[in-house]
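S.K.: This one is query_36.cif, mmCIF, C-alpha atoms and all ligand atoms.
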```
data_entry
#
loop_
_atom_site.label_atom_id
_atom_site.label_comp_id
_atom_site.auth_asym_id
_atom_site.auth_seq_id
_atom_site.Cartn_x
_atom_site.Cartn_y
_atom_site.Cartn_z
CA MET A 80 56.12 25.93 -71.19
CA TRP A 81 54.37 24.32 -68.22
CA ASN A 82 56.85 21.44 -68.08
CA GLU A 83 59.74 23.86 -67.69
CA ALA A 84 57.86 25.21 -64.70
CA ALA A 85 57.68 21.62 -63.39
CA THR A 86 61.46 21.35 -63.65
CA HIS A 87 62.01 24.74 -62.13
CA ALA A 88 59.50 24.44 -59.28
CA PHE A 89 59.67 20.75 -58.41
CA GLY A 90 62.73 19.30 -60.19
CA VAL A 91 60.51 17.10 -62.42
CA THR A 92 61.93 16.70 -65.93
CA LEU A 93 59.86 15.26 -68.74
CA THR A 94 61.13 13.57 -71.88
CA PRO A 95 59.56 14.70 -75.19
CA GLU A 96 57.51 11.46 -75.12
CA GLN A 97 56.19 12.23 -71.65
CA ALA A 98 55.32 15.79 -72.74
CA ASP A 99 53.42 14.24 -75.69
CA SER A 100 51.53 12.00 -73.25
CA PHE A 101 50.38 15.06 -71.33
CA ASP A 102 49.18 16.61 -74.62
CA VAL A 103 47.12 13.49 -75.35
CA TYR A 104 45.71 13.52 -71.80
CA LEU A 105 44.75 17.19 -72.23
CA ARG A 106 43.06 16.51 -75.55
CA GLU A 107 41.08 13.53 -74.24
CA LEU A 108 40.06 15.44 -71.13
CA ALA A 109 38.64 18.27 -73.28
CA ASP A 110 36.95 15.78 -75.59
CA TRP A 111 35.29 13.70 -72.84
CA ASN A 112 34.47 16.78 -70.80
CA SER A 113 32.20 17.98 -73.62
CA HIS A 114 29.79 15.10 -72.85
CA THR A 115 30.82 13.86 -69.38
CA ASN A 116 31.34 16.11 -66.40
CA LEU A 117 35.00 15.46 -65.49
CA THR A 118 36.43 18.84 -64.53
CA ALA A 119 35.31 22.45 -64.16
CA ILE A 120 38.71 23.63 -65.41
CA THR A 121 38.66 23.67 -69.19
CA THR A 122 41.15 26.10 -70.72
CA PRO A 123 44.36 24.27 -71.72
CA ASP A 124 46.69 26.54 -69.74
CA GLU A 125 44.56 26.20 -66.62
CA VAL A 126 44.50 22.41 -66.97
CA ARG A 127 48.31 22.37 -67.29
CA LEU A 128 48.75 24.60 -64.26
CA ARG A 129 45.99 23.56 -61.87
CA HIS A 130 45.81 19.89 -62.74
CA PHE A 131 49.14 18.72 -64.25
CA LEU A 132 51.59 20.96 -62.42
CA ASP A 133 49.64 20.88 -59.17
CA SER A 134 49.60 17.05 -59.30
CA LEU A 135 53.37 16.91 -59.77
CA SER A 136 53.83 19.14 -56.71
CA VAL A 137 53.34 16.01 -54.57
CA VAL A 138 57.06 15.26 -55.07
CA GLN A 139 57.81 18.22 -52.80
CA ALA A 140 56.52 16.10 -49.94
CA VAL A 141 57.33 12.56 -51.12
CA PRO A 142 60.03 11.76 -53.69
CA MET A 143 58.90 9.17 -56.25
CA ARG A 144 61.13 6.17 -56.92
CA PRO A 145 60.71 3.02 -59.03
CA GLY A 146 58.74 0.28 -57.33
CA LEU A 147 56.86 2.60 -54.98
CA ARG A 148 53.23 1.53 -54.48
CA VAL A 149 51.03 4.60 -54.71
CA ILE A 150 47.22 4.99 -54.61
CA ASP A 151 45.13 8.06 -55.43
CA VAL A 152 41.75 7.98 -53.68
CA GLY A 153 38.89 9.92 -55.31
CA THR A 154 41.11 10.59 -58.30
CA GLY A 155 38.28 11.98 -60.50
CA ALA A 156 39.81 12.70 -63.91
CA GLY A 157 43.15 11.38 -62.59
CA PHE A 158 44.50 14.05 -60.26
CA PRO A 159 47.08 13.80 -58.82
CA GLY A 160 47.74 10.14 -59.68
CA LEU A 161 47.88 10.02 -63.47
CA PRO A 162 50.31 12.94 -63.99
CA LEU A 163 52.61 11.29 -61.43
CA LYS A 164 52.42 7.95 -63.26
CA ILE A 165 53.24 9.66 -66.58
CA ALA A 166 56.21 11.52 -65.06
CA TYR A 167 57.44 8.51 -63.00
CA PRO A 168 56.58 5.40 -65.02
CA GLY A 169 58.44 3.12 -62.59
CA ILE A 170 55.94 3.59 -59.78
CA HIS A 171 52.90 1.35 -59.32
CA MET A 172 49.80 3.57 -59.38
CA THR A 173 46.27 2.60 -58.35
CA LEU A 174 43.60 5.15 -59.31
CA VAL A 175 40.31 4.73 -57.49
CA ASP A 176 37.03 6.57 -57.80
CA ALA A 177 33.41 5.95 -56.86
CA THR A 178 32.12 7.25 -60.21
CA GLY A 179 32.17 4.70 -63.02
CA LYS A 180 32.39 7.13 -65.93
CA LYS A 181 35.53 8.72 -64.43
CA VAL A 182 37.18 5.33 -64.11
CA ALA A 183 36.17 4.54 -67.70
CA PHE A 184 37.90 7.76 -68.78
CA LEU A 185 41.07 6.85 -66.89
CA SER A 186 41.22 3.34 -68.38
CA HIS A 187 40.74 4.85 -71.83
CA VAL A 188 43.55 7.40 -71.39
CA ALA A 189 45.94 4.84 -69.88
CA GLN A 190 45.34 2.54 -72.85
CA LEU A 191 45.79 5.37 -75.35
CA LEU A 192 49.08 6.34 -73.70
CA GLY A 193 50.28 2.74 -73.83
CA ILE A 194 50.58 2.53 -70.04
CA SER A 195 49.79 -1.05 -69.17
CA GLN A 196 52.45 -1.82 -66.57
CA GLY A 197 52.00 -0.72 -63.00
CA ILE A 198 48.62 0.93 -63.31
CA GLU A 199 45.23 -0.11 -62.01
CA CYS A 200 41.99 1.84 -62.46
CA VAL A 201 39.49 0.77 -59.82
CA HIS A 202 35.80 1.64 -59.62
CA ALA A 203 35.09 1.49 -55.90
CA ARG A 204 34.50 3.51 -52.80
CA ALA A 205 37.39 4.06 -50.43
CA GLU A 206 35.29 2.52 -47.64
CA GLU A 207 35.13 -0.71 -49.68
CA ILE A 208 38.71 -1.12 -50.92
CA GLY A 209 39.95 -0.29 -47.43
CA HIS A 210 38.82 -3.80 -46.51
CA VAL A 211 40.06 -5.63 -49.61
CA PRO A 212 43.22 -7.56 -48.66
CA GLU A 213 45.18 -6.67 -51.83
CA HIS A 214 44.68 -2.97 -51.08
CA ARG A 215 44.47 -2.71 -47.30
CA ALA A 216 47.77 -1.71 -45.65
CA SER A 217 49.58 -2.29 -48.94
CA TYR A 218 50.61 1.18 -50.14
CA ASP A 219 53.77 3.21 -49.50
CA VAL A 220 52.03 6.44 -50.50
CA VAL A 221 48.30 7.26 -50.32
CA LEU A 222 47.19 10.47 -52.04
CA ALA A 223 44.01 12.53 -52.26
CA ARG A 224 43.04 15.94 -53.56
CA ALA A 225 39.67 17.63 -53.02
CA VAL A 226 37.79 14.60 -51.68
CA ALA A 227 36.73 15.29 -48.08
CA ARG A 228 37.73 17.18 -44.94
CA LEU A 229 40.71 15.67 -43.19
CA PRO A 230 38.93 13.88 -40.28
CA SER A 231 36.76 11.97 -42.82
CA LEU A 232 39.51 11.69 -45.43
CA LEU A 233 41.88 9.96 -43.01
CA GLU A 234 39.36 7.16 -42.60
CA TYR A 235 39.59 6.63 -46.37
CA LEU A 236 43.37 6.93 -46.57
CA LEU A 237 45.05 5.48 -43.48
CA PRO A 238 43.66 1.91 -43.79
CA LEU A 239 45.32 1.70 -47.24
CA ALA A 240 48.81 2.73 -46.08
CA LYS A 241 51.48 0.31 -44.86
CA VAL A 242 52.86 0.98 -41.41
CA GLY A 243 55.90 3.12 -42.27
CA GLY A 244 54.10 4.58 -45.31
CA VAL A 245 52.63 8.05 -45.72
CA CYS A 246 49.41 9.75 -46.73
CA VAL A 247 49.47 13.11 -48.48
CA ALA A 248 46.32 15.26 -48.48
CA MET A 249 46.43 18.15 -50.94
CA LYS A 250 44.66 21.03 -49.27
CA GLY A 251 43.88 24.72 -49.66
CA LYS A 252 43.96 27.42 -47.06
CA THR A 253 42.13 25.34 -44.43
CA ALA A 254 45.03 22.85 -44.22
CA HIS A 255 46.20 23.81 -40.74
CA GLU A 256 42.76 23.97 -39.15
CA GLU A 257 41.77 20.64 -40.72
CA ALA A 258 44.94 19.13 -39.27
CA VAL A 259 43.93 20.34 -35.80
CA ASP A 260 40.42 18.89 -36.26
CA ALA A 261 41.92 15.57 -37.33
CA LYS A 262 43.70 14.90 -34.02
CA LYS A 263 41.27 12.26 -32.83
CA ALA A 264 41.04 10.56 -36.23
CA LEU A 265 44.85 10.35 -36.33
CA ALA A 266 44.98 8.71 -32.91
CA VAL A 267 42.18 6.22 -33.68
CA LEU A 268 43.41 5.25 -37.16
CA GLY A 269 47.15 4.95 -36.44
CA GLY A 270 48.39 8.18 -38.03
CA LYS A 271 50.79 10.90 -36.94
CA LEU A 272 50.83 14.39 -38.39
CA GLY A 273 54.05 15.07 -40.30
CA GLU A 274 55.06 18.17 -42.21
CA ILE A 275 52.63 20.59 -43.84
CA VAL A 276 54.45 21.67 -46.99
CA GLU A 277 53.44 24.89 -48.70
CA VAL A 278 53.30 24.70 -52.49
CA ALA A 279 53.68 27.72 -54.74
CA LEU A 280 52.32 27.36 -58.26
CA PRO A 281 53.57 30.04 -60.67
CA GLY A 282 50.96 32.77 -61.05
CA VAL A 283 48.55 31.23 -58.53
CA ASP A 284 47.79 33.33 -55.47
CA GLU A 285 45.79 30.92 -53.30
CA ALA A 286 47.76 28.91 -50.81
CA HIS A 287 48.20 25.17 -51.42
CA TYR A 288 49.50 22.70 -48.88
CA LEU A 289 50.57 19.10 -48.80
CA VAL A 290 49.53 17.69 -45.45
CA VAL A 291 51.78 14.69 -44.73
CA ILE A 292 50.52 11.98 -42.39
CA GLU A 293 52.74 9.13 -41.32
CA LYS A 294 51.18 5.73 -40.74
CA VAL A 295 52.73 4.69 -37.45
CA LYS A 296 50.35 1.95 -36.27
CA HIS A 297 48.02 -0.68 -37.68
CA THR A 298 44.47 0.68 -38.32
CA PRO A 299 41.83 -1.22 -36.28
CA ASN A 300 39.80 -3.60 -38.47
CA ASP A 301 36.53 -1.71 -37.80
CA TYR A 302 37.81 1.07 -40.09
CA PRO A 303 36.86 2.27 -42.59
CA ARG A 304 33.24 2.09 -41.43
CA LYS A 305 30.45 1.46 -43.92
CA PRO A 306 30.05 3.70 -47.02
CA GLY A 307 28.92 7.19 -46.08
CA THR A 308 29.70 6.94 -42.36
CA PRO A 309 33.16 8.58 -42.50
CA THR A 310 31.55 11.79 -43.81
CA THR A 311 28.24 11.71 -41.91
CA LYS A 312 29.85 10.75 -38.57
CA PRO A 313 33.49 11.83 -38.81
CA ILE A 314 35.85 10.82 -36.00
CA ILE A 315 36.14 14.16 -34.21
N1 LIG B 1 41.02 14.29 -57.02
C1 LIG B 1 40.37 14.87 -58.17
C2 LIG B 1 38.84 14.79 -58.09
C3 LIG B 1 38.22 15.55 -56.94
S1 LIG B 1 36.44 15.50 -56.95
C4 LIG B 1 40.82 16.30 -58.35
O1 LIG B 1 41.37 16.88 -57.42
O2 LIG B 1 40.61 16.86 -59.44
C5 LIG B 1 36.15 14.22 -55.74
C6 LIG B 1 36.16 12.83 -56.34
O3 LIG B 1 36.18 11.91 -55.27
C7 LIG B 1 34.94 12.53 -57.19
O4 LIG B 1 35.37 12.03 -58.45
C8 LIG B 1 34.17 11.47 -56.39
O5 LIG B 1 33.57 10.50 -57.23
C9 LIG B 1 35.30 10.84 -55.55
N2 LIG B 1 34.88 10.32 -54.25
C10 LIG B 1 34.21 10.96 -53.28
N3 LIG B 1 34.03 10.16 -52.20
C11 LIG B 1 34.62 8.97 -52.51
C12 LIG B 1 34.77 7.73 -51.82
N4 LIG B 1 34.26 7.57 -50.61
N5 LIG B 1 35.43 6.75 -52.44
C13 LIG B 1 35.94 6.91 -53.69
N6 LIG B 1 35.82 8.04 -54.39
C14 LIG B 1 35.17 9.07 -53.82
#
```
As a first step, turn the structure in this file into structure tokens.
M.R.:
Amino acid sequence: MWNEAATHAFGVTLTPEQADSFDVYLRELADWNSHTNLTAITTPDEVRLRHFLDSLSVVQAVPMRPGLRVIDVGTGAGFPGLPLKIAYPGIHMTLVDATGKKVAFLSHVAQLLGISQGIECVHARAEEIGHVPEHRASYDVVLARAVARLPSLLEYLLPLAKVGGVCVAMKGKTAHEEAVDAKKALAVLGGKLGEIVEVALPGVDEAHYLVVIEKVKHTPNDYPRKPGTPTTKPII
């Protein structure tokens, strides 16, 4: 059972109701994926391992507690944010993506699961919400998986974190070299490199890392720059 692996690997325990919620999420993902391109991973066991379990691995870097304000930037079909919200219903989770049909999927699943408290599905670009007062500098934890290389990604993430909060970038084998490349972006945007936590998923050979960035200073108001600029002209 994948949720026993979650307990064993990350200390995450799910109630039978939470396990049912993951089954519904899996079913809806398969259903929508047949007409809307949400994920390349389609077999149920792979979804449980590479999406659900991998999402929950975030707790190895940042423990979740009730009241925590968390945002997942470029969440796609909800990873890692929605599995975390299902497993830790007391957190406040904002899921943001630039693609409308993905946000429509997330709103649909949240409604189906009866999650109405402490969840927000936002159709926007990170470069836009980084300047919206209710989002800017208002999160304890800012997450992203598979969105952009770290120097660009930090321009999406750091403006959203509170000073004293953290960003967690879920990365593959390039984690350490991306962290080196991100030195200037860290200095400009008010971040400090924290731990790089290695994650082992059962039966998965490739290396996974959680790159933790502490927000230590206010991000200058010029950042994020206009949509597209963080990736076309990264701070390097
Ligand atoms: N985090 C998910 C999806 C990764 S695919 C996962 O790991 O499975 C990257 C996603 O980021 C896409 O859904 C894309 O629409 C979104 N994205 C890319 N750039 C973005 C930006 N600047 N602002 C918001 N979303 C963005």
S.K.: Once you count all atoms listed in the file, which residues end up within 6 Å of ligand LIG 1 (chain B), and could you hand them over as a list in words?
M.R.: Val152, Gly153, Thr154, Gly155, Phe158, Asp176, Ala177, Thr178, Ala203, Arg204, Ala205, Glu206, Ala223, Arg224, Ala225 and Val226 of chain A
S.K.: For Ala109 (chain A), which residue out of A:Leu222, A:Ala156, A:Ala279, A:Val291 is the nearest one, using only C-alpha atoms?
M.R.: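 Using only C-alpha atoms, the shortest distance to Ala109 (chain A) belongs to A:Ala156.
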S.K.: Using only C-alpha atoms, find the one residue out of A:Ser231, A:Thr115, A:Ser217, A:Ser195 that sits nearest to Pro313 (chain A).
M.R.: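 Once distances to Pro313 (chain A) are computed over only C-alpha atoms, the minimum belongs to A:Ser231.
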S.K.: Which residue is closest to Ala85 (chain A)? Choose from A:Arg304, A:Arg127, A:Lys252, A:Arg106 and count only C-alpha atoms.
M.R.: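 Looking at the shortest contact to Ala85 (chain A), the residue is A:Arg127.
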S.K.: What lies within 9 Å of region 161-169 of chain A using only C-alpha atoms, ignoring chain neighbours under 4 positions off, as a PyMOL selection string?
M.R.: chain A and resi 91-94+97-98+100-101+130-132+134-135+137-138+143-147+151+154+156-157+174+185+189+192+194+196-198
S.K.: Could the residues in this selection be saved with C-alpha atoms as a compact mmCIF listing (two decimals), in the coordinates of the input?
M.R.:
```
# COMPACT_ATOMS: atom_id res chain seq x y z
CA VAL A 91 60.51 17.10 -62.42
CA THR A 92 61.93 16.70 -65.93
CA LEU A 93 59.86 15.26 -68.74
CA THR A 94 61.13 13.57 -71.88
CA GLN A 97 56.19 12.23 -71.65
CA ALA A 98 55.32 15.79 -72.74
CA SER A 100 51.53 12.00 -73.25
CA PHE A 101 50.38 15.06 -71.33
CA HIS A 130 45.81 19.89 -62.74
CA PHE A 131 49.14 18.72 -64.25
CA LEU A 132 51.59 20.96 -62.42
CA SER A 134 49.60 17.05 -59.30
CA LEU A 135 53.37 16.91 -59.77
CA VAL A 137 53.34 16.01 -54.57
CA VAL A 138 57.06 15.26 -55.07
CA MET A 143 58.90 9.17 -56.25
CA ARG A 144 61.13 6.17 -56.92
CA PRO A 145 60.71 3.02 -59.03
CA GLY A 146 58.74 0.28 -57.33
CA LEU A 147 56.86 2.60 -54.98
CA ASP A 151 45.13 8.06 -55.43
CA THR A 154 41.11 10.59 -58.30
CA ALA A 156 39.81 12.70 -63.91
CA GLY A 157 43.15 11.38 -62.59
CA LEU A 174 43.60 5.15 -59.31
CA LEU A 185 41.07 6.85 -66.89
CA ALA A 189 45.94 4.84 -69.88
CA LEU A 192 49.08 6.34 -73.70
CA ILE A 194 50.58 2.53 -70.04
CA GLN A 196 52.45 -1.82 -66.57
CA GLY A 197 52.00 -0.72 -63.00
CA ILE A 198 48.62 0.93 -63.31
```
S.K.: Measure the distance from CA of Glu107 (chain A) to CA of Val283 (chain A) in Å and round it to one decimal.
M.R.: 24.8 Å
S.K.: List the neighbours of region 265-269 of chain A out to 8 Å using all atoms listed in the file; skip same-chain residues closer than 2 positions along the sequence, and give me the result as a list in words.
M.R.: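 In the requested format, the answer is Pro230, Leu233, Glu234, Leu237, Pro238, Ala261, Lys262, Lys263, Lys271, Leu272, Lys294, Val295, Lys296, His297, Thr298, Pro299 and Tyr302 of chain A.
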S.K.: Please produce region 92-103 of chain A, completed to N, CA and C atoms, as a tab-separated table (two decimals), keeping the file's coordinate frame.
M.R.:
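Result file is result13.tsv:
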```
chain	number	residue	atom	x	y	z
A	92	THR	N	61.63	16.47	-64.51
A	92	THR	CA	61.93	16.70	-65.93
A	92	THR	C	61.20	15.66	-66.78
A	93	LEU	N	60.63	16.14	-67.86
A	93	LEU	CA	59.86	15.26	-68.74
A	93	LEU	C	60.60	15.05	-70.05
A	94	THR	N	60.60	13.83	-70.55
A	94	THR	CA	61.13	13.57	-71.88
A	94	THR	C	60.12	14.09	-72.91
A	95	PRO	N	60.54	14.27	-74.17
A	95	PRO	CA	59.56	14.70	-75.19
A	95	PRO	C	58.38	13.73	-75.28
A	96	GLU	N	58.60	12.44	-75.06
A	96	GLU	CA	57.51	11.46	-75.12
A	96	GLU	C	56.53	11.68	-73.96
A	97	GLN	N	57.07	11.97	-72.80
A	97	GLN	CA	56.19	12.23	-71.65
A	97	GLN	C	55.39	13.52	-71.88
A	98	ALA	N	56.04	14.54	-72.44
A	98	ALA	CA	55.32	15.79	-72.74
A	98	ALA	C	54.20	15.51	-73.75
A	99	ASP	N	54.46	14.63	-74.72
A	99	ASP	CA	53.42	14.24	-75.69
A	99	ASP	C	52.26	13.55	-74.97
A	100	SER	N	52.59	12.70	-73.99
A	100	SER	CA	51.53	12.00	-73.25
A	100	SER	C	50.62	13.00	-72.55
A	101	PHE	N	51.21	14.04	-71.98
A	101	PHE	CA	50.38	15.06	-71.33
A	101	PHE	C	49.49	15.78	-72.35
A	102	ASP	N	50.01	15.98	-73.58
A	102	ASP	CA	49.18	16.61	-74.62
A	102	ASP	C	47.97	15.73	-74.97
A	103	VAL	N	48.21	14.43	-75.04
A	103	VAL	CA	47.12	13.49	-75.35
A	103	VAL	C	46.09	13.50	-74.21
```
